[in-house]
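**Q** Handing you a structure now.
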Amino acid sequence: MSRNDPMDGNIDQFLDYLSVERGLSKNTLSSYSRDLNKFVDYLEKRRVKRFSDVTKSDITDFMLFQKDRGLSANSIARGLAAMKVLFRFLARETVLKTDIASVIETPKLWKHLPDALSLAEVEKILSAPNQKDNTGMRDKACLELMYATGLRASEVVNLDLKDVNLDLGVLRCIGKGSKERVVPLGSKAIDAIRRYNARVRPALLKSTSEGGLFLTRLGKKMSRQMLWKIIKGYAKRLRIDKRVTPHTLRHSFATHLLEGGADLRVVQEMLGHSNISTTQIYTHINKERLKSIHKKFHPRP
């Protein structure tokens, strides 16, 4: 007897369809078969016996299960593609009333998401610049602004002096798609930028026509490459065991806001995401972090 007659029979019927009517290669059929059988194994552990009993949660939980096991986003996306084609086929064959897999999004946002820094690690980085020299004061102002606002690296280096209103405690930036947004600044960022503007920027400025906020020793706007090297340098000096980039501070900004109870729509607006689904990835990161903490410290995980 097969492992699970109803679901195995559905998969066999589906693979026959792909082979005869779609003319797919043996390698592609084998790939579909492997991915779908892994899914059925997972469903059996959840005591789901028929595809008609599968829920959207079963599918998304299976994807997260695969991610926890270390599968790449590409492998997970390939498996989801197989499930989507299967469920579309079964709905057309009236085995299913509705195709629930059609609304599941491909996990492309799981790719290349750097670790969010802990609050202690952020504090270390923000405290690292030497406040006794011009470069350190500039770096301090830049880092405080990045963590206070969650700006992208390109948005930071493109800031002009006129874009920052320290009296109102806000800055204006132009994000992706030339979309303008206004983001609040915290008091520590405001103080650091005030000191930089008063003591350092005038010393770095070589031409009154240069409007950039953060300047190099040559009096030019800082480049993205330079910003990346600055942050990497501090992280290396502090021996932080994570890959730290400008985007890591952006992720940390969003993660810490949501951990503190901020509304997802507000975080979306501050990050400049056009689609809230992009921001929702942070709720996943937060849930996964809570699960890992629970597993590590709870006496009965």
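Residues in the structure tokens are numbered from 1 in each chain, the chains being A, B, ... in the order shown, and ligands are numbered from 1 in the order shown.
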Which residues are near A:Arg172? Cut-off 10 Å, only C-alpha atoms, ignore same chain within fewer than 6 positions. Put them as a ChimeraX atom specification.
**A** /A:155,159-160,162-165,180-184
**Q** As an NGL selection string, list the residues of stretch 234-264 of chain A assigned to alpha helix (DSSP H) by DSSP on the backbone atoms of this structure.
**A** :A and (234-237 or 246-259 or 264)
**Q** With distances taken over only C-alpha atoms, which residue among A:Ile125, A:His273, A:Lys176, A:Tyr17 lies nearest A:Arg239?
**A**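 Once distances to A:Arg239 are computed over only C-alpha atoms, the minimum belongs to A:Ile125.
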**Q** With a distance cut-off of 12 Å and only C-alpha atoms, select the neighbouring residues of A:Ile230, excluding the residue or stretch itself and same-chain residues fewer than 4 positions from it, and output the selection as a list in words.
**A**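 Returned residues: Ile125, Leu126, Ala128, Pro129, Thr135, Gly136, Arg138, Asp139, Lys140, Cys142, Leu143, Ala153, Thr216, Met222, Ser223, Arg224, Gln225, Met226, Tyr234, Ala235, Lys236, Arg237, Val244, Thr245 and Pro246 of chain A.
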**Q** Could you write out that same residue set with N, CA and C atoms as a compact mmCIF listing (two decimals), in the first residue's frame?
**A**
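Once written, part-v7.txt looks like this:
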# COMPACT_ATOMS: atom_id res chain seq x y z
N ILE A 125 27.97 50.41 18.25
CA ILE A 125 28.34 51.06 16.99
C ILE A 125 28.16 52.57 17.07
N LEU A 126 27.05 53.01 17.67
CA LEU A 126 26.79 54.45 17.76
C LEU A 126 27.78 55.15 18.68
N ALA A 128 30.97 54.14 19.01
CA ALA A 128 32.33 53.85 18.56
C ALA A 128 33.10 55.05 18.01
N PRO A 129 32.48 55.96 17.24
CA PRO A 129 33.26 57.07 16.66
C PRO A 129 33.91 57.96 17.72
N THR A 135 36.40 63.58 11.78
CA THR A 135 35.86 62.38 11.14
C THR A 135 34.93 61.63 12.07
N GLY A 136 35.34 61.50 13.32
CA GLY A 136 34.51 60.79 14.30
C GLY A 136 33.19 61.49 14.54
N ARG A 138 31.60 63.44 12.45
CA ARG A 138 30.79 63.24 11.24
C ARG A 138 30.17 61.84 11.24
N ASP A 139 31.01 60.83 11.54
CA ASP A 139 30.51 59.45 11.54
C ASP A 139 29.42 59.26 12.59
N LYS A 140 29.62 59.87 13.75
CA LYS A 140 28.62 59.77 14.82
C LYS A 140 27.28 60.35 14.36
N CYS A 142 26.22 60.73 11.31
CA CYS A 142 25.70 59.91 10.22
C CYS A 142 25.05 58.63 10.76
N LEU A 143 25.74 57.95 11.68
CA LEU A 143 25.22 56.71 12.24
C LEU A 143 23.95 56.94 13.06
N ALA A 153 21.11 53.59 2.26
CA ALA A 153 22.44 54.20 2.09
C ALA A 153 22.41 55.30 1.04
N THR A 216 33.14 64.55 2.76
CA THR A 216 34.44 63.90 2.93
C THR A 216 35.49 64.96 3.28
N MET A 222 29.65 62.40 0.58
CA MET A 222 30.09 61.03 0.84
C MET A 222 29.45 60.08 -0.18
N SER A 223 30.20 59.08 -0.61
CA SER A 223 29.67 58.08 -1.55
C SER A 223 29.08 56.90 -0.78
N ARG A 224 28.29 56.09 -1.47
CA ARG A 224 27.74 54.89 -0.84
C ARG A 224 28.85 53.93 -0.44
N GLN A 225 29.88 53.84 -1.29
CA GLN A 225 31.00 52.93 -0.98
C GLN A 225 31.72 53.37 0.28
N MET A 226 31.88 54.67 0.42
CA MET A 226 32.56 55.18 1.61
C MET A 226 31.72 54.92 2.87
N TYR A 234 33.77 50.05 11.68
CA TYR A 234 33.39 50.08 13.10
C TYR A 234 32.96 48.70 13.58
N ALA A 235 32.19 47.98 12.76
CA ALA A 235 31.73 46.65 13.16
C ALA A 235 32.92 45.69 13.34
N LYS A 236 33.92 45.81 12.44
CA LYS A 236 35.10 44.96 12.55
C LYS A 236 35.91 45.29 13.79
N ARG A 237 36.05 46.58 14.06
CA ARG A 237 36.79 47.01 15.24
C ARG A 237 36.12 46.52 16.53
N VAL A 244 27.67 43.41 8.93
CA VAL A 244 27.05 44.70 9.21
C VAL A 244 27.27 45.63 8.01
N THR A 245 26.18 46.12 7.45
CA THR A 245 26.20 47.04 6.32
C THR A 245 25.25 48.20 6.63
N PRO A 246 25.21 49.22 5.78
CA PRO A 246 24.21 50.27 6.00
C PRO A 246 22.79 49.72 6.08
**Q** If we count only C-alpha atoms, what is near A:His251 at a cut-off of 10 Å, once residues fewer than 2 positions away on the same chain are taken out, given as a count of residues only?
**A** 22
**Q** Counting only C-alpha atoms, give me one row per residue of stretch 55-126 of chain A with an atom at most 8 Å from an atom of stretch 34-50 of chain A, showing the shortest contact pair and its distance in Å to one decimal, sorted by chain then residue number, as a tab-separated table.
**A**
residue	atom	partner	partner_atom	distance
A:Asp58	CA	A:Leu43	CA	7.5
A:Phe62	CA	A:Tyr42	CA	7.1
A:Gly79	CA	A:Asp35	CA	5.3
A:Ala82	CA	A:Leu36	CA	6.9
A:Met83	CA	A:Leu36	CA	6.7
**Q** Could those selected residues go to a file with C-alpha atoms, as a compact mmCIF listing (two decimals), in the first residue's frame?
**A**
# COMPACT_ATOMS: atom_id res chain seq x y z
CA ASP A 58 -0.30 24.40 6.14
CA PHE A 62 5.72 24.18 5.50
CA GLY A 79 8.67 23.88 -4.08
CA ALA A 82 5.20 22.93 -7.74
CA MET A 83 2.42 23.21 -5.14
**Q** Just to confirm, what's the straight-line distance from atom CA of A:Leu258 to atom CA of A:Ser274 in Å (one decimal)?
**A**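 It comes out at 18.1 Å.
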**Q** Give me the residues within 12 Å of A:Ala81 as a PyMOL selection string, counting only C-alpha atoms and dropping any in the same chain fewer than 2 places off.
**A** chain A and resi 31-32+35-36+59+63+74-79+83-88+101-107
**Q** Can I get the selected residues back with C-alpha atoms, as a JSON list (two decimals), in the first residue's frame?
**A**
[["chain", "number", "residue", "atom", "x", "y", "z"],
["A", 31, "SER", "CA", 11.93, 17.67, -9.28],
["A", 32, "TYR", "CA", 8.15, 18.16, -8.99],
["A", 35, "ASP", "CA", 9.11, 18.64, -3.78],
["A", 36, "LEU", "CA", 5.51, 17.43, -3.59],
["A", 59, "ILE", "CA", 1.47, 25.75, 3.06],
["A", 63, "MET", "CA", 7.69, 26.96, 3.82],
["A", 74, "ASN", "CA", 15.29, 29.50, -4.32],
["A", 75, "SER", "CA", 14.58, 25.91, -3.20],
["A", 76, "ILE", "CA", 11.55, 27.00, -1.19],
["A", 77, "ALA", "CA", 10.24, 29.06, -4.11],
["A", 78, "ARG", "CA", 10.68, 26.08, -6.45],
["A", 79, "GLY", "CA", 8.67, 23.88, -4.08],
["A", 83, "MET", "CA", 2.42, 23.21, -5.14],
["A", 84, "LYS", "CA", 0.78, 26.06, -7.05],
["A", 85, "VAL", "CA", 0.69, 24.11, -10.30],
["A", 86, "LEU", "CA", -0.63, 21.05, -8.45],
["A", 87, "PHE", "CA", -3.39, 22.95, -6.67],
["A", 88, "ARG", "CA", -4.40, 24.71, -9.89],
["A", 101, "ALA", "CA", -2.27, 28.12, -3.18],
["A", 102, "SER", "CA", -2.81, 30.86, -5.76],
["A", 103, "VAL", "CA", -2.70, 33.60, -3.12],
["A", 104, "ILE", "CA", 0.53, 32.42, -1.44],
["A", 105, "GLU", "CA", 3.42, 34.76, -2.27],
["A", 106, "THR", "CA", 6.82, 33.53, -3.36],
["A", 107, "PRO", "CA", 9.34, 34.02, -0.51]]
**Q** Of the candidates A:Lys97, A:Lys179, A:Lys221, A:Lys26, which shows the shortest atom-to-atom distance to A:Val54, using only C-alpha atoms?
**A**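 Ranked by minimum distance to A:Val54, first place goes to A:Lys97.
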**Q** Using only C-alpha atoms, can you tell me which of A:Glu123, A:Glu144, A:Glu93, A:Glu210 comes closest to A:Ala192?
**A**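 The closest residue to A:Ala192 is A:Glu144.
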**Q** Quick check, in Å to one decimal: how far apart do atom CA of A:Gly186 and atom CA of A:Phe214 lie?
**A** 18.0 Å
**Q** Give the strand (DSSP E or B) residues of stretch 122-247 of chain A, as assigned by DSSP on the backbone, as a PDB file with N, CA and C atoms, in the first residue's frame.
**A**
ATOM      1  N   ASP A 160      20.885  66.658   1.451  1.00  0.00           N
ATOM      2  CA  ASP A 160      21.468  67.997   1.468  1.00  0.00           C
ATOM      3  C   ASP A 160      21.186  68.645   2.819  1.00  0.00           C
ATOM      4  N   VAL A 164      17.276  68.732   6.069  1.00  0.00           N
ATOM      5  CA  VAL A 164      17.161  68.394   7.493  1.00  0.00           C
ATOM      6  C   VAL A 164      16.740  69.630   8.274  1.00  0.00           C
ATOM      7  N   ASN A 165      15.597  69.539   8.944  1.00  0.00           N
ATOM      8  CA  ASN A 165      15.102  70.630   9.777  1.00  0.00           C
ATOM      9  C   ASN A 165      15.229  70.211  11.239  1.00  0.00           C
ATOM     10  N   VAL A 170      12.729  66.829  11.858  1.00  0.00           N
ATOM     11  CA  VAL A 170      12.359  65.963  10.739  1.00  0.00           C
ATOM     12  C   VAL A 170      13.353  66.143   9.595  1.00  0.00           C
ATOM     13  N   LEU A 171      13.369  65.176   8.702  1.00  0.00           N
ATOM     14  CA  LEU A 171      14.136  65.334   7.469  1.00  0.00           C
ATOM     15  C   LEU A 171      13.269  64.932   6.296  1.00  0.00           C
ATOM     16  N   ARG A 172      13.619  65.439   5.142  1.00  0.00           N
ATOM     17  CA  ARG A 172      12.921  65.128   3.893  1.00  0.00           C
ATOM     18  C   ARG A 172      13.882  64.355   3.010  1.00  0.00           C
ATOM     19  N   CYS A 173      13.414  63.244   2.473  1.00  0.00           N
ATOM     20  CA  CYS A 173      14.301  62.496   1.583  1.00  0.00           C
ATOM     21  C   CYS A 173      13.532  62.010   0.358  1.00  0.00           C
ATOM     22  N   ILE A 174      14.287  61.800  -0.702  1.00  0.00           N
ATOM     23  CA  ILE A 174      13.726  61.289  -1.951  1.00  0.00           C
ATOM     24  C   ILE A 174      14.129  59.828  -2.065  1.00  0.00           C
ATOM     25  N   GLU A 180       8.918  61.270  -2.432  1.00  0.00           N
ATOM     26  CA  GLU A 180       9.381  62.064  -1.291  1.00  0.00           C
ATOM     27  C   GLU A 180       8.653  61.632  -0.026  1.00  0.00           C
ATOM     28  N   ARG A 181       9.400  61.587   1.074  1.00  0.00           N
ATOM     29  CA  ARG A 181       8.769  61.308   2.361  1.00  0.00           C
ATOM     30  C   ARG A 181       9.450  62.126   3.449  1.00  0.00           C
ATOM     31  N   VAL A 182       8.732  62.344   4.527  1.00  0.00           N
ATOM     32  CA  VAL A 182       9.256  63.072   5.680  1.00  0.00           C
ATOM     33  C   VAL A 182       9.379  62.090   6.837  1.00  0.00           C
ATOM     34  N   VAL A 183      10.557  62.058   7.464  1.00  0.00           N
ATOM     35  CA  VAL A 183      10.838  61.097   8.530  1.00  0.00           C
ATOM     36  C   VAL A 183      11.281  61.850   9.786  1.00  0.00           C
ATOM     37  N   PRO A 184      10.746  61.480  10.949  1.00  0.00           N
ATOM     38  CA  PRO A 184      11.153  62.156  12.191  1.00  0.00           C
ATOM     39  C   PRO A 184      12.563  61.759  12.630  1.00  0.00           C
ATOM     40  N   GLY A 212      25.684  69.195   0.097  1.00  0.00           N
ATOM     41  CA  GLY A 212      25.578  67.898   0.762  1.00  0.00           C
ATOM     42  C   GLY A 212      25.703  67.994   2.271  1.00  0.00           C
ATOM     43  N   LEU A 215      29.989  65.278   4.409  1.00  0.00           N
ATOM     44  CA  LEU A 215      31.090  65.566   3.482  1.00  0.00           C
ATOM     45  C   LEU A 215      32.334  64.753   3.799  1.00  0.00           C
ATOM     46  N   LYS A 221      30.367  65.297  -1.326  1.00  0.00           N
ATOM     47  CA  LYS A 221      29.385  64.400  -0.726  1.00  0.00           C
ATOM     48  C   LYS A 221      29.983  63.005  -0.541  1.00  0.00           C
TER      49      LYS A 221
END
